[in-house]
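*Asks:* Handing you this structure, nothing more for now.
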There are 2 protein chains.
Amino acid sequence: MNEKSVETIQFEMATLVRYVTSVSSDKNGKLDRSGYLLLHRLSSQGSTGVKTLANEFHLDISTVSRQAAALEQKGYASRIPDPTDRRAYSYQITDNGKKELAAYKKERMNKVKNLLKGWSEEECEMFGQLLKKFNRSFS
Amino acid sequence: MNEKSVETIQFEMATLVRYVTSVSSDKNGKLDRSGYLLLHRLSSQGSTGVKTLANEFHLDISTVSRQAAALEQKGYASRIPDPTDRRAYSYQITDNGKKELAAYKKERMNKVKNLLKGWSEEECEMFGQLLKKFNRSFS
DNA sequence: TATATATTATTGTATGATACAACTATAATA
DNA sequence: TATTATAGTTGTATCATACAATAATATATA
(Lines give C-alpha, C1' and ligand atoms only; values in the text may rest on other atoms or scores of the structure.)
Protein backbone atom coordinates (compact mmCIF):
# COMPACT_ATOMS: atom_id res chain seq x y z
CA MET A 1 0.00 0.00 0.00
CA ASN A 2 1.42 3.35 -1.11
CA GLU A 3 1.88 5.39 2.06
CA LYS A 4 1.66 8.64 0.18
CA SER A 5 -1.83 7.92 -1.16
CA VAL A 6 -3.06 6.91 2.27
CA GLU A 7 -1.59 10.05 3.72
CA THR A 8 -3.32 12.19 1.15
CA ILE A 9 -6.67 10.49 1.61
CA GLN A 10 -6.41 10.74 5.36
CA PHE A 11 -5.55 14.43 5.34
CA GLU A 12 -7.96 15.49 2.64
CA MET A 13 -10.70 13.56 4.37
CA ALA A 14 -10.21 15.56 7.55
CA THR A 15 -10.14 18.75 5.53
CA LEU A 16 -13.30 17.84 3.67
CA VAL A 17 -15.13 17.17 6.89
CA ARG A 18 -14.04 20.54 8.18
CA TYR A 19 -15.48 22.26 5.15
CA VAL A 20 -18.71 20.36 5.12
CA THR A 21 -19.17 20.72 8.86
CA SER A 22 -19.28 24.49 8.65
CA VAL A 23 -22.73 25.16 9.89
CA SER A 24 -25.04 25.78 6.97
CA SER A 25 -27.46 27.31 9.45
CA ASP A 26 -30.35 27.61 7.02
CA LYS A 27 -32.47 27.89 10.12
CA ASN A 28 -36.21 28.36 9.72
CA GLY A 29 -36.90 24.91 11.03
CA LYS A 30 -35.80 23.37 7.76
CA LEU A 31 -33.82 20.20 7.26
CA ASP A 32 -30.28 19.77 8.49
CA ARG A 33 -27.72 17.24 7.24
CA SER A 34 -28.59 14.51 9.70
CA GLY A 35 -32.28 14.98 9.06
CA TYR A 36 -31.64 14.78 5.35
CA LEU A 37 -29.95 11.41 5.60
CA LEU A 38 -32.60 10.07 7.90
CA LEU A 39 -35.43 11.30 5.72
CA HIS A 40 -33.70 9.94 2.65
CA ARG A 41 -33.55 6.54 4.29
CA LEU A 42 -37.21 6.64 5.26
CA SER A 43 -38.12 7.73 1.78
CA SER A 44 -36.10 5.17 -0.14
CA GLN A 45 -36.40 2.16 2.12
CA GLY A 46 -39.61 2.72 4.00
CA SER A 47 -40.61 3.07 7.62
CA THR A 48 -38.78 1.57 10.52
CA GLY A 49 -37.82 2.16 14.13
CA VAL A 50 -34.85 3.94 15.60
CA LYS A 51 -32.99 0.80 16.50
CA THR A 52 -32.84 -0.42 12.93
CA LEU A 53 -31.91 3.03 11.74
CA ALA A 54 -29.18 3.33 14.33
CA ASN A 55 -27.74 -0.01 13.26
CA GLU A 56 -27.79 0.91 9.60
CA PHE A 57 -26.20 4.27 10.27
CA HIS A 58 -23.77 3.00 12.87
CA LEU A 59 -24.99 5.63 15.25
CA ASP A 60 -26.12 5.41 18.83
CA ILE A 61 -29.84 4.83 19.27
CA SER A 62 -30.12 7.98 21.33
CA THR A 63 -28.71 10.01 18.48
CA VAL A 64 -31.20 8.68 15.99
CA SER A 65 -34.01 9.00 18.51
CA ARG A 66 -33.37 12.71 18.74
CA GLN A 67 -32.96 13.12 15.01
CA ALA A 68 -36.24 11.32 14.41
CA ALA A 69 -37.98 13.39 17.07
CA ALA A 70 -36.71 16.51 15.32
CA LEU A 71 -38.12 15.31 12.02
CA GLU A 72 -41.46 14.65 13.64
CA GLN A 73 -41.45 18.02 15.35
CA LYS A 74 -40.90 19.67 11.97
CA GLY A 75 -43.70 17.66 10.43
CA TYR A 76 -41.44 15.74 8.06
CA ALA A 77 -42.07 12.33 9.59
CA SER A 78 -44.72 10.76 11.75
CA ARG A 79 -44.18 8.44 14.67
CA ILE A 80 -46.38 5.42 14.30
CA PRO A 81 -46.92 2.94 17.15
CA ASP A 82 -46.16 -0.65 16.25
CA PRO A 83 -49.45 -2.56 16.65
CA THR A 84 -47.67 -5.78 17.58
CA ASP A 85 -45.18 -4.36 20.09
CA ARG A 86 -46.20 -1.54 22.31
CA ARG A 87 -42.63 -0.51 23.02
CA ALA A 88 -41.90 0.06 19.38
CA TYR A 89 -42.55 2.82 16.87
CA SER A 90 -41.78 3.33 13.26
CA TYR A 91 -41.12 6.61 11.54
CA GLN A 92 -42.80 7.32 8.26
CA ILE A 93 -42.03 10.18 5.94
CA THR A 94 -44.90 12.64 5.44
CA ASP A 95 -45.92 14.42 2.25
CA ASN A 96 -44.44 17.57 3.64
CA GLY A 97 -41.28 15.60 4.38
CA LYS A 98 -41.11 14.41 0.78
CA LYS A 99 -41.37 17.95 -0.46
CA GLU A 100 -38.70 19.22 1.89
CA LEU A 101 -36.45 16.27 1.11
CA ALA A 102 -36.64 17.08 -2.58
CA ALA A 103 -36.00 20.76 -1.97
CA TYR A 104 -33.05 20.14 0.29
CA LYS A 105 -31.56 17.63 -2.09
CA LYS A 106 -31.86 20.07 -4.96
CA GLU A 107 -30.14 22.73 -2.92
CA ARG A 108 -27.30 20.37 -2.05
CA MET A 109 -26.94 19.33 -5.65
CA ASN A 110 -26.65 22.92 -6.76
CA LYS A 111 -23.91 23.57 -4.27
CA VAL A 112 -22.01 20.47 -5.33
CA LYS A 113 -22.54 21.22 -8.99
CA ASN A 114 -21.00 24.59 -8.37
CA LEU A 115 -17.93 23.09 -6.74
CA LEU A 116 -17.62 20.65 -9.62
CA LYS A 117 -17.36 23.32 -12.29
CA GLY A 118 -14.55 22.48 -14.64
CA TRP A 119 -14.52 18.81 -13.72
CA SER A 120 -14.75 16.30 -16.48
CA GLU A 121 -17.60 13.83 -16.73
CA GLU A 122 -15.16 11.03 -15.97
CA GLU A 123 -13.79 12.68 -12.87
CA CYS A 124 -17.26 13.28 -11.46
CA GLU A 125 -18.30 9.72 -12.14
CA MET A 126 -15.10 8.36 -10.67
CA PHE A 127 -15.28 10.56 -7.58
CA GLY A 128 -18.85 9.50 -6.86
CA GLN A 129 -18.02 5.83 -7.23
CA LEU A 130 -14.93 6.04 -5.05
CA LEU A 131 -16.80 7.90 -2.32
CA LYS A 132 -19.48 5.26 -2.46
CA LYS A 133 -16.96 2.46 -2.29
CA PHE A 134 -15.22 4.10 0.63
CA ASN A 135 -18.47 4.48 2.52
CA ARG A 136 -19.37 0.87 1.91
CA SER A 137 -16.12 -0.11 3.55
CA PHE A 138 -17.37 1.30 6.83
CA SER A 139 -20.01 -1.40 7.02
CA MET B 1 -23.10 17.83 -16.16
CA ASN B 2 -24.37 14.34 -15.42
CA GLU B 3 -27.04 14.72 -12.76
CA LYS B 4 -26.58 11.19 -11.55
CA SER B 5 -22.92 11.70 -10.71
CA VAL B 6 -23.67 14.90 -8.85
CA GLU B 7 -26.42 13.16 -6.94
CA THR B 8 -24.09 10.36 -5.94
CA ILE B 9 -21.34 12.71 -4.85
CA GLN B 10 -23.74 14.83 -2.90
CA PHE B 11 -25.29 11.91 -1.07
CA GLU B 12 -22.11 9.99 -0.41
CA MET B 13 -20.48 13.15 0.84
CA ALA B 14 -23.19 13.57 3.47
CA THR B 15 -22.84 9.92 4.39
CA LEU B 16 -19.09 10.17 4.66
CA VAL B 17 -19.34 13.13 6.99
CA ARG B 18 -21.74 11.19 9.15
CA TYR B 19 -19.28 8.35 9.49
CA VAL B 20 -16.28 10.51 10.14
CA THR B 21 -18.16 12.74 12.55
CA SER B 22 -18.80 9.87 14.94
CA VAL B 23 -16.99 11.02 18.02
CA SER B 24 -13.66 9.28 18.26
CA SER B 25 -13.57 10.24 21.94
CA ASP B 26 -9.98 9.23 22.46
CA LYS B 27 -10.16 11.46 25.50
CA ASN B 28 -7.07 11.75 27.68
CA GLY B 29 -6.50 15.30 26.53
CA LYS B 30 -5.08 14.10 23.23
CA LEU B 31 -5.61 15.62 19.81
CA ASP B 32 -8.98 15.87 18.15
CA ARG B 33 -9.68 16.32 14.45
CA SER B 34 -9.76 20.09 14.47
CA GLY B 35 -6.62 20.23 16.55
CA TYR B 36 -4.94 17.89 14.13
CA LEU B 37 -5.62 20.13 11.16
CA LEU B 38 -4.54 23.21 13.04
CA LEU B 39 -1.37 21.61 14.29
CA HIS B 40 -0.62 20.26 10.84
CA ARG B 41 -0.88 23.78 9.46
CA LEU B 42 1.40 25.18 12.13
CA SER B 43 3.86 22.40 11.53
CA SER B 44 3.97 22.58 7.76
CA GLN B 45 3.64 26.31 7.20
CA GLY B 46 4.93 27.86 10.38
CA SER B 47 3.56 30.14 13.06
CA THR B 48 0.79 32.65 12.56
CA GLY B 49 -2.18 34.25 14.28
CA VAL B 50 -5.77 33.14 14.46
CA LYS B 51 -6.99 35.59 11.87
CA THR B 52 -4.77 34.18 9.16
CA LEU B 53 -5.64 30.66 10.18
CA ALA B 54 -9.34 31.42 10.16
CA ASN B 55 -9.05 32.86 6.66
CA GLU B 56 -7.13 29.88 5.39
CA PHE B 57 -9.55 27.45 6.95
CA HIS B 58 -12.66 29.42 6.10
CA LEU B 59 -13.70 29.27 9.70
CA ASP B 60 -14.81 31.98 12.07
CA ILE B 61 -12.00 33.59 14.06
CA SER B 62 -13.70 32.63 17.30
CA THR B 63 -13.67 28.99 16.29
CA VAL B 64 -9.96 29.01 15.57
CA SER B 65 -9.28 31.04 18.69
CA ARG B 66 -10.79 28.29 20.78
CA GLN B 67 -9.05 25.53 18.88
CA ALA B 68 -5.73 27.29 19.29
CA ALA B 69 -6.38 27.86 22.99
CA ALA B 70 -7.11 24.14 23.33
CA LEU B 71 -3.82 23.28 21.66
CA GLU B 72 -1.99 25.60 23.99
CA GLN B 73 -3.76 24.19 27.00
CA LYS B 74 -2.66 20.71 26.00
CA GLY B 75 0.89 21.88 25.51
CA TYR B 76 0.95 21.26 21.76
CA ALA B 77 1.36 24.90 20.76
CA SER B 78 2.58 28.06 22.41
CA ARG B 79 1.03 31.49 22.16
CA ILE B 80 3.69 34.02 21.31
CA PRO B 81 3.05 37.77 21.52
CA ASP B 82 3.81 39.68 18.36
CA PRO B 83 6.60 42.13 19.25
CA THR B 84 5.42 44.67 16.67
CA ASP B 85 1.70 44.62 17.43
CA ARG B 86 0.56 44.18 20.96
CA ARG B 87 -2.89 42.99 19.95
CA ALA B 88 -1.51 40.09 18.01
CA TYR B 89 -0.17 36.64 18.82
CA SER B 90 1.17 33.79 16.82
CA TYR B 91 0.87 30.13 17.62
CA GLN B 92 3.90 27.94 17.33
CA ILE B 93 3.94 24.15 17.49
CA THR B 94 5.91 22.73 20.43
CA ASP B 95 8.12 19.65 20.47
CA ASN B 96 5.42 17.84 22.34
CA GLY B 97 2.98 19.00 19.66
CA LYS B 98 5.19 17.58 16.94
CA LYS B 99 5.28 14.24 18.70
CA GLU B 100 1.52 14.14 19.20
CA LEU B 101 0.90 15.27 15.63
CA ALA B 102 2.99 12.40 14.32
CA ALA B 103 1.27 9.91 16.61
CA TYR B 104 -2.20 11.09 15.71
CA LYS B 105 -1.41 11.07 12.02
CA LYS B 106 -0.10 7.54 12.24
CA GLU B 107 -3.25 6.45 14.01
CA ARG B 108 -5.42 8.06 11.34
CA MET B 109 -3.39 6.45 8.59
CA ASN B 110 -3.82 3.04 10.13
CA LYS B 111 -7.57 3.49 10.26
CA VAL B 112 -7.72 4.64 6.66
CA LYS B 113 -5.38 1.89 5.54
CA ASN B 114 -7.74 -0.56 7.11
CA LEU B 115 -10.72 0.83 5.24
CA LEU B 116 -8.72 0.74 2.02
CA LYS B 117 -8.03 -2.97 2.17
CA GLY B 118 -8.69 -4.51 -1.20
CA TRP B 119 -8.36 -1.22 -3.06
CA SER B 120 -5.97 -1.08 -5.96
CA GLU B 121 -3.02 1.27 -6.01
CA GLU B 122 -4.69 3.24 -8.79
CA GLU B 123 -7.95 3.64 -6.90
CA CYS B 124 -6.18 4.92 -3.81
CA GLU B 125 -4.13 7.35 -5.81
CA MET B 126 -7.17 8.55 -7.74
CA PHE B 127 -9.32 8.91 -4.63
CA GLY B 128 -6.69 10.99 -2.89
CA GLN B 129 -6.25 13.27 -5.89
CA LEU B 130 -9.97 13.75 -6.38
CA LEU B 131 -10.53 14.55 -2.71
CA LYS B 132 -7.70 17.05 -2.93
CA LYS B 133 -9.11 18.62 -6.04
CA PHE B 134 -12.55 18.85 -4.49
CA ASN B 135 -11.18 20.52 -1.38
CA ARG B 136 -9.25 23.02 -3.47
CA SER B 137 -12.50 24.01 -5.12
CA PHE B 138 -13.75 25.34 -1.79
CA SER B 139 -11.13 28.05 -1.87
C1' DT C 1 -2.78 65.91 18.70
C1' DA C 2 -7.34 64.20 19.75
C1' DT C 3 -10.98 61.67 18.22
C1' DA C 4 -12.96 58.29 15.31
C1' DT C 5 -12.44 54.05 13.05
C1' DA C 6 -10.39 49.66 12.09
C1' DT C 7 -8.12 45.41 13.53
C1' DT C 8 -6.70 41.26 16.52
C1' DA C 9 -8.22 38.47 19.50
C1' DT C 10 -11.23 36.53 23.35
C1' DT C 11 -15.53 35.32 25.57
C1' DG C 12 -20.68 34.60 25.91
C1' DT C 13 -24.25 32.20 23.89
C1' DA C 14 -26.45 29.13 20.63
C1' DT C 15 -26.95 25.08 17.47
C1' DG C 16 -25.83 20.63 15.37
C1' DA C 17 -24.02 16.06 15.80
C1' DT C 18 -22.63 12.70 18.39
C1' DA C 19 -21.95 9.18 22.61
C1' DC C 20 -22.70 7.03 27.11
C1' DA C 21 -25.50 6.23 31.06
C1' DA C 22 -29.80 6.14 33.50
C1' DC C 23 -34.41 5.22 33.03
C1' DT C 24 -39.39 3.61 31.51
C1' DA C 25 -42.25 0.52 29.52
C1' DT C 26 -43.06 -3.70 27.49
C1' DA C 27 -41.83 -8.34 25.83
C1' DA C 28 -39.66 -12.78 26.20
C1' DT C 29 -37.70 -16.38 28.89
C1' DA C 30 -36.57 -19.44 32.65
C1' DT D 1 -44.08 -15.41 38.35
C1' DA D 2 -39.62 -13.48 38.55
C1' DT D 3 -35.85 -12.31 35.79
C1' DT D 4 -33.79 -10.74 31.83
C1' DA D 5 -33.82 -8.66 27.36
C1' DT D 6 -35.40 -5.07 24.15
C1' DA D 7 -37.25 -0.44 22.14
C1' DG D 8 -37.13 3.85 22.99
C1' DT D 9 -36.44 8.52 25.51
C1' DT D 10 -34.03 11.79 28.33
C1' DG D 11 -29.99 13.70 31.05
C1' DT D 12 -25.44 14.98 30.54
C1' DA D 13 -21.09 15.62 28.13
C1' DT D 14 -17.90 16.68 24.20
C1' DC D 15 -16.60 18.45 19.70
C1' DA D 16 -17.23 21.70 16.01
C1' DT D 17 -18.99 25.51 14.49
C1' DA D 18 -21.14 30.57 14.07
C1' DC D 19 -22.65 35.19 15.48
C1' DA D 20 -22.57 39.00 18.70
C1' DA D 21 -20.43 41.67 22.25
C1' DT D 22 -16.32 43.20 24.15
C1' DA D 23 -11.27 44.62 25.27
C1' DA D 24 -7.13 46.24 23.79
C1' DT D 25 -4.40 48.27 20.51
C1' DA D 26 -3.31 50.34 16.05
C1' DT D 27 -4.35 53.44 12.21
C1' DA D 28 -6.54 57.20 9.98
C1' DT D 29 -8.63 61.62 9.94
C1' DA D 30 -10.19 66.13 11.40
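Letters A, B, ... go to the chains of the C-alpha coordinates in the order shown; residues in each chain start at 1; ligands are counted from 1 in the same order.
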Find the residues of chain C in contact range of chain A, meaning any atom within 9 Å when counting only C-alpha atoms (C1' of nucleotides), and list them as a ChimeraX atom specification.
*Replies:* /C:15-19,25-27
*Asks:* Please save N, CA and C atoms (P, O5', C5', C4', C3', O3' and C1' of nucleotides) of the selected residues as an mmCIF file, in the first residue's frame.
*Replies:*
```
data_model
loop_
_atom_site.group_PDB
_atom_site.id
_atom_site.type_symbol
_atom_site.label_atom_id
_atom_site.label_comp_id
_atom_site.auth_asym_id
_atom_site.auth_seq_id
_atom_site.Cartn_x
_atom_site.Cartn_y
_atom_site.Cartn_z
ATOM 1 P P DT C 15 -30.456 27.863 20.030
ATOM 2 O "O5'" DT C 15 -29.720 27.006 18.901
ATOM 3 C "C5'" DT C 15 -29.381 27.601 17.653
ATOM 4 C "C4'" DT C 15 -28.611 26.591 16.839
ATOM 5 C "C3'" DT C 15 -29.240 25.186 16.894
ATOM 6 O "O3'" DT C 15 -29.357 24.708 15.564
ATOM 7 C "C1'" DT C 15 -26.951 25.079 17.470
ATOM 8 P P DG C 16 -30.104 23.368 15.222
ATOM 9 O "O5'" DG C 16 -28.949 22.393 14.704
ATOM 10 C "C5'" DG C 16 -27.968 22.884 13.812
ATOM 11 C "C4'" DG C 16 -26.874 21.855 13.676
ATOM 12 C "C3'" DG C 16 -27.372 20.417 13.612
ATOM 13 O "O3'" DG C 16 -26.598 19.796 12.608
ATOM 14 C "C1'" DG C 16 -25.833 20.629 15.373
ATOM 15 P P DA C 17 -26.975 18.379 12.039
ATOM 16 O "O5'" DA C 17 -26.032 17.431 12.891
ATOM 17 C "C5'" DA C 17 -24.654 17.357 12.555
ATOM 18 C "C4'" DA C 17 -23.984 16.436 13.545
ATOM 19 C "C3'" DA C 17 -24.695 15.099 13.748
ATOM 20 O "O3'" DA C 17 -23.816 14.064 13.337
ATOM 21 C "C1'" DA C 17 -24.017 16.061 15.804
ATOM 22 P P DT C 18 -24.314 12.619 13.156
ATOM 23 O "O5'" DT C 18 -23.936 11.955 14.546
ATOM 24 C "C5'" DT C 18 -22.578 11.730 14.869
ATOM 25 C "C4'" DT C 18 -22.314 11.763 16.348
ATOM 26 C "C3'" DT C 18 -22.870 10.627 17.182
ATOM 27 O "O3'" DT C 18 -22.098 9.453 16.962
ATOM 28 C "C1'" DT C 18 -22.630 12.698 18.388
ATOM 29 P P DA C 19 -22.514 8.092 17.623
ATOM 30 O "O5'" DA C 19 -22.040 8.272 19.137
ATOM 31 C "C5'" DA C 19 -20.655 8.445 19.425
ATOM 32 C "C4'" DA C 19 -20.467 8.459 20.934
ATOM 33 C "C3'" DA C 19 -21.008 7.208 21.615
ATOM 34 O "O3'" DA C 19 -19.991 6.676 22.438
ATOM 35 C "C1'" DA C 19 -21.955 9.176 22.606
ATOM 36 P P DA C 25 -43.299 4.136 33.077
ATOM 37 O "O5'" DA C 25 -43.557 3.151 31.860
ATOM 38 C "C5'" DA C 25 -43.526 3.660 30.530
ATOM 39 C "C4'" DA C 25 -43.468 2.497 29.580
ATOM 40 C "C3'" DA C 25 -44.433 1.354 29.930
ATOM 41 O "O3'" DA C 25 -45.209 1.095 28.782
ATOM 42 C "C1'" DA C 25 -42.254 0.520 29.519
ATOM 43 P P DT C 26 -46.456 0.100 28.831
ATOM 44 O "O5'" DT C 26 -45.826 -1.192 28.151
ATOM 45 C "C5'" DT C 26 -45.353 -1.066 26.822
ATOM 46 C "C4'" DT C 26 -44.509 -2.260 26.499
ATOM 47 C "C3'" DT C 26 -45.246 -3.590 26.610
ATOM 48 O "O3'" DT C 26 -45.279 -4.128 25.299
ATOM 49 C "C1'" DT C 26 -43.058 -3.704 27.494
ATOM 50 P P DA C 27 -46.035 -5.436 24.948
ATOM 51 O "O5'" DA C 27 -44.823 -6.462 24.816
ATOM 52 C "C5'" DA C 27 -43.776 -6.138 23.907
ATOM 53 C "C4'" DA C 27 -42.696 -7.183 23.995
ATOM 54 C "C3'" DA C 27 -43.180 -8.622 23.908
ATOM 55 O "O3'" DA C 27 -42.366 -9.248 22.941
ATOM 56 C "C1'" DA C 27 -41.830 -8.340 25.827
#
```
*Asks:* Chain D residues within 9 Å of chain B, counting only C-alpha atoms (C1' of nucleotides): which ones, as a list in words?
*Replies:*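 Contact residues on the first chain: DT14, DC15, DA16, DT17, DA18, DA24, DT25 and DA26 of chain D.
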*Asks:* Using only C-alpha atoms, which residues of chain B come within 7 Å of chain A, and what is the closest atom pair for each, with the distance in Å to one decimal? Give it as a tab-separated table, sorted by chain and residue number.
*Replies:*
```
residue	atom	partner	partner_atom	distance
B:Met1	CA	A:Glu121	CA	6.8
B:Asn2	CA	A:Glu121	CA	6.9
B:Ser5	CA	A:Glu125	CA	5.2
B:Val6	CA	A:Met109	CA	6.4
B:Glu7	CA	A:Met109	CA	6.3
B:Thr8	CA	A:Gly128	CA	5.4
B:Ile9	CA	A:Gly128	CA	4.5
B:Gln10	CA	A:Met109	CA	6.2
B:Glu12	CA	A:Lys132	CA	5.8
B:Ala14	CA	A:Arg33	CA	6.9
B:Leu16	CA	A:Asn135	CA	6.1
B:Val17	CA	A:Val17	CA	5.8
B:Arg33	CA	A:Ala14	CA	7.0
B:Arg108	CA	A:Gln10	CA	6.6
B:Met109	CA	A:Gln10	CA	6.2
B:Val112	CA	A:Gln10	CA	6.4
B:Lys113	CA	A:Val6	CA	6.4
B:Leu115	CA	A:Ser137	CA	5.7
B:Glu121	CA	A:Met1	CA	6.8
B:Cys124	CA	A:Ser5	CA	5.9
B:Glu125	CA	A:Ser5	CA	5.2
B:Phe127	CA	A:Leu130	CA	6.3
B:Gly128	CA	A:Ile9	CA	4.5
B:Leu130	CA	A:Phe127	CA	6.3
B:Leu131	CA	A:Glu12	CA	6.0
B:Lys132	CA	A:Glu12	CA	5.8
B:Asn135	CA	A:Leu16	CA	6.1
B:Ser137	CA	A:Leu115	CA	5.7
B:Phe138	CA	A:Leu115	CA	6.9
```
*Asks:* Restricted to N, CA and C atoms, what would the selected residues look like written as a PDB file, in the first residue's frame?
*Replies:*
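Okay, this is what ended up in again.pdb:
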```pdb
ATOM      1  N   MET B   1     -23.481  18.555 -17.402  1.00  0.00           N
ATOM      2  CA  MET B   1     -23.105  17.829 -16.164  1.00  0.00           C
ATOM      3  C   MET B   1     -24.082  16.692 -15.872  1.00  0.00           C
ATOM      4  N   ASN B   2     -23.550  15.506 -15.712  1.00  0.00           N
ATOM      5  CA  ASN B   2     -24.366  14.337 -15.416  1.00  0.00           C
ATOM      6  C   ASN B   2     -24.992  14.441 -14.024  1.00  0.00           C
ATOM      7  N   SER B   5     -24.207  11.625 -11.400  1.00  0.00           N
ATOM      8  CA  SER B   5     -22.916  11.699 -10.706  1.00  0.00           C
ATOM      9  C   SER B   5     -22.975  12.712  -9.569  1.00  0.00           C
ATOM     10  N   VAL B   6     -23.563  13.856  -9.865  1.00  0.00           N
ATOM     11  CA  VAL B   6     -23.669  14.898  -8.848  1.00  0.00           C
ATOM     12  C   VAL B   6     -24.499  14.395  -7.675  1.00  0.00           C
ATOM     13  N   GLU B   7     -25.560  13.697  -7.997  1.00  0.00           N
ATOM     14  CA  GLU B   7     -26.418  13.157  -6.941  1.00  0.00           C
ATOM     15  C   GLU B   7     -25.645  12.190  -6.058  1.00  0.00           C
ATOM     16  N   THR B   8     -24.890  11.326  -6.704  1.00  0.00           N
ATOM     17  CA  THR B   8     -24.090  10.355  -5.944  1.00  0.00           C
ATOM     18  C   THR B   8     -23.081  11.070  -5.055  1.00  0.00           C
ATOM     19  N   ILE B   9     -22.355  11.988  -5.617  1.00  0.00           N
ATOM     20  CA  ILE B   9     -21.338  12.707  -4.848  1.00  0.00           C
ATOM     21  C   ILE B   9     -21.970  13.409  -3.655  1.00  0.00           C
ATOM     22  N   GLN B  10     -23.039  14.076  -3.930  1.00  0.00           N
ATOM     23  CA  GLN B  10     -23.740  14.830  -2.895  1.00  0.00           C
ATOM     24  C   GLN B  10     -24.200  13.921  -1.752  1.00  0.00           C
ATOM     25  N   GLU B  12     -23.203  10.721  -1.043  1.00  0.00           N
ATOM     26  CA  GLU B  12     -22.109   9.987  -0.405  1.00  0.00           C
ATOM     27  C   GLU B  12     -21.249  10.909   0.457  1.00  0.00           C
ATOM     28  N   ALA B  14     -22.450  13.442   2.207  1.00  0.00           N
ATOM     29  CA  ALA B  14     -23.188  13.570   3.473  1.00  0.00           C
ATOM     30  C   ALA B  14     -22.980  12.329   4.331  1.00  0.00           C
ATOM     31  N   LEU B  16     -20.481  10.201   4.187  1.00  0.00           N
ATOM     32  CA  LEU B  16     -19.092  10.166   4.660  1.00  0.00           C
ATOM     33  C   LEU B  16     -18.921  11.028   5.906  1.00  0.00           C
ATOM     34  N   VAL B  17     -19.471  12.229   5.843  1.00  0.00           N
ATOM     35  CA  VAL B  17     -19.342  13.131   6.985  1.00  0.00           C
ATOM     36  C   VAL B  17     -20.009  12.523   8.215  1.00  0.00           C
ATOM     37  N   ARG B  33      -9.815  16.081  15.880  1.00  0.00           N
ATOM     38  CA  ARG B  33      -9.679  16.315  14.445  1.00  0.00           C
ATOM     39  C   ARG B  33      -9.328  17.764  14.127  1.00  0.00           C
ATOM     40  N   ARG B 108      -4.460   7.798  12.411  1.00  0.00           N
ATOM     41  CA  ARG B 108      -5.419   8.056  11.336  1.00  0.00           C
ATOM     42  C   ARG B 108      -5.074   7.235  10.101  1.00  0.00           C
ATOM     43  N   MET B 109      -3.795   7.197   9.789  1.00  0.00           N
ATOM     44  CA  MET B 109      -3.387   6.451   8.593  1.00  0.00           C
ATOM     45  C   MET B 109      -3.693   4.971   8.737  1.00  0.00           C
ATOM     46  N   VAL B 112      -7.397   4.494   8.087  1.00  0.00           N
ATOM     47  CA  VAL B 112      -7.717   4.644   6.664  1.00  0.00           C
ATOM     48  C   VAL B 112      -7.194   3.447   5.877  1.00  0.00           C
ATOM     49  N   LYS B 113      -5.978   3.040   6.202  1.00  0.00           N
ATOM     50  CA  LYS B 113      -5.378   1.889   5.535  1.00  0.00           C
ATOM     51  C   LYS B 113      -6.285   0.671   5.668  1.00  0.00           C
ATOM     52  N   LEU B 115      -9.508   0.677   6.059  1.00  0.00           N
ATOM     53  CA  LEU B 115     -10.715   0.833   5.237  1.00  0.00           C
ATOM     54  C   LEU B 115     -10.399   0.615   3.757  1.00  0.00           C
ATOM     55  N   GLU B 121      -3.908   0.117  -6.096  1.00  0.00           N
ATOM     56  CA  GLU B 121      -3.023   1.266  -6.008  1.00  0.00           C
ATOM     57  C   GLU B 121      -3.618   2.455  -6.759  1.00  0.00           C
ATOM     58  N   CYS B 124      -6.645   4.111  -4.938  1.00  0.00           N
ATOM     59  CA  CYS B 124      -6.183   4.917  -3.806  1.00  0.00           C
ATOM     60  C   CYS B 124      -5.631   6.251  -4.292  1.00  0.00           C
ATOM     61  N   GLU B 125      -4.764   6.157  -5.266  1.00  0.00           N
ATOM     62  CA  GLU B 125      -4.130   7.355  -5.813  1.00  0.00           C
ATOM     63  C   GLU B 125      -5.194   8.313  -6.351  1.00  0.00           C
ATOM     64  N   PHE B 127      -8.437   8.402  -5.695  1.00  0.00           N
ATOM     65  CA  PHE B 127      -9.320   8.905  -4.632  1.00  0.00           C
ATOM     66  C   PHE B 127      -8.666  10.079  -3.914  1.00  0.00           C
ATOM     67  N   GLY B 128      -7.415   9.907  -3.558  1.00  0.00           N
ATOM     68  CA  GLY B 128      -6.688  10.987  -2.894  1.00  0.00           C
ATOM     69  C   GLY B 128      -6.657  12.253  -3.731  1.00  0.00           C
ATOM     70  N   LEU B 130      -8.637  13.156  -6.175  1.00  0.00           N
ATOM     71  CA  LEU B 130      -9.969  13.753  -6.377  1.00  0.00           C
ATOM     72  C   LEU B 130     -10.445  14.481  -5.114  1.00  0.00           C
ATOM     73  N   LEU B 131     -10.172  13.886  -3.972  1.00  0.00           N
ATOM     74  CA  LEU B 131     -10.527  14.551  -2.710  1.00  0.00           C
ATOM     75  C   LEU B 131      -9.797  15.887  -2.624  1.00  0.00           C
ATOM     76  N   LYS B 132      -8.523  15.849  -2.971  1.00  0.00           N
ATOM     77  CA  LYS B 132      -7.701  17.046  -2.927  1.00  0.00           C
ATOM     78  C   LYS B 132      -8.262  18.114  -3.865  1.00  0.00           C
ATOM     79  N   ASN B 135     -11.458  19.576  -2.470  1.00  0.00           N
ATOM     80  CA  ASN B 135     -11.185  20.523  -1.376  1.00  0.00           C
ATOM     81  C   ASN B 135     -10.648  21.847  -1.903  1.00  0.00           C
ATOM     82  N   SER B 137     -11.410  23.254  -4.506  1.00  0.00           N
ATOM     83  CA  SER B 137     -12.501  24.013  -5.121  1.00  0.00           C
ATOM     84  C   SER B 137     -13.307  24.794  -4.091  1.00  0.00           C
ATOM     85  N   PHE B 138     -13.081  24.548  -2.828  1.00  0.00           N
ATOM     86  CA  PHE B 138     -13.754  25.339  -1.787  1.00  0.00           C
ATOM     87  C   PHE B 138     -13.109  26.719  -1.655  1.00  0.00           C
TER      88      PHE B 138
END
```
*Asks:* Just list the residues in chain A DSSP gives helix (DSSP H, G or I) on the backbone, as number ranges by chain.
*Replies:* A: 3-21, 33-45, 50-57, 61-73, 95-115, 121-136
*Asks:* If you measure from atom CA of B:Asn55 to atom CA of A:Gly35, what distance in Å do you get, rounded to one decimal?
*Replies:* 29.4 Å
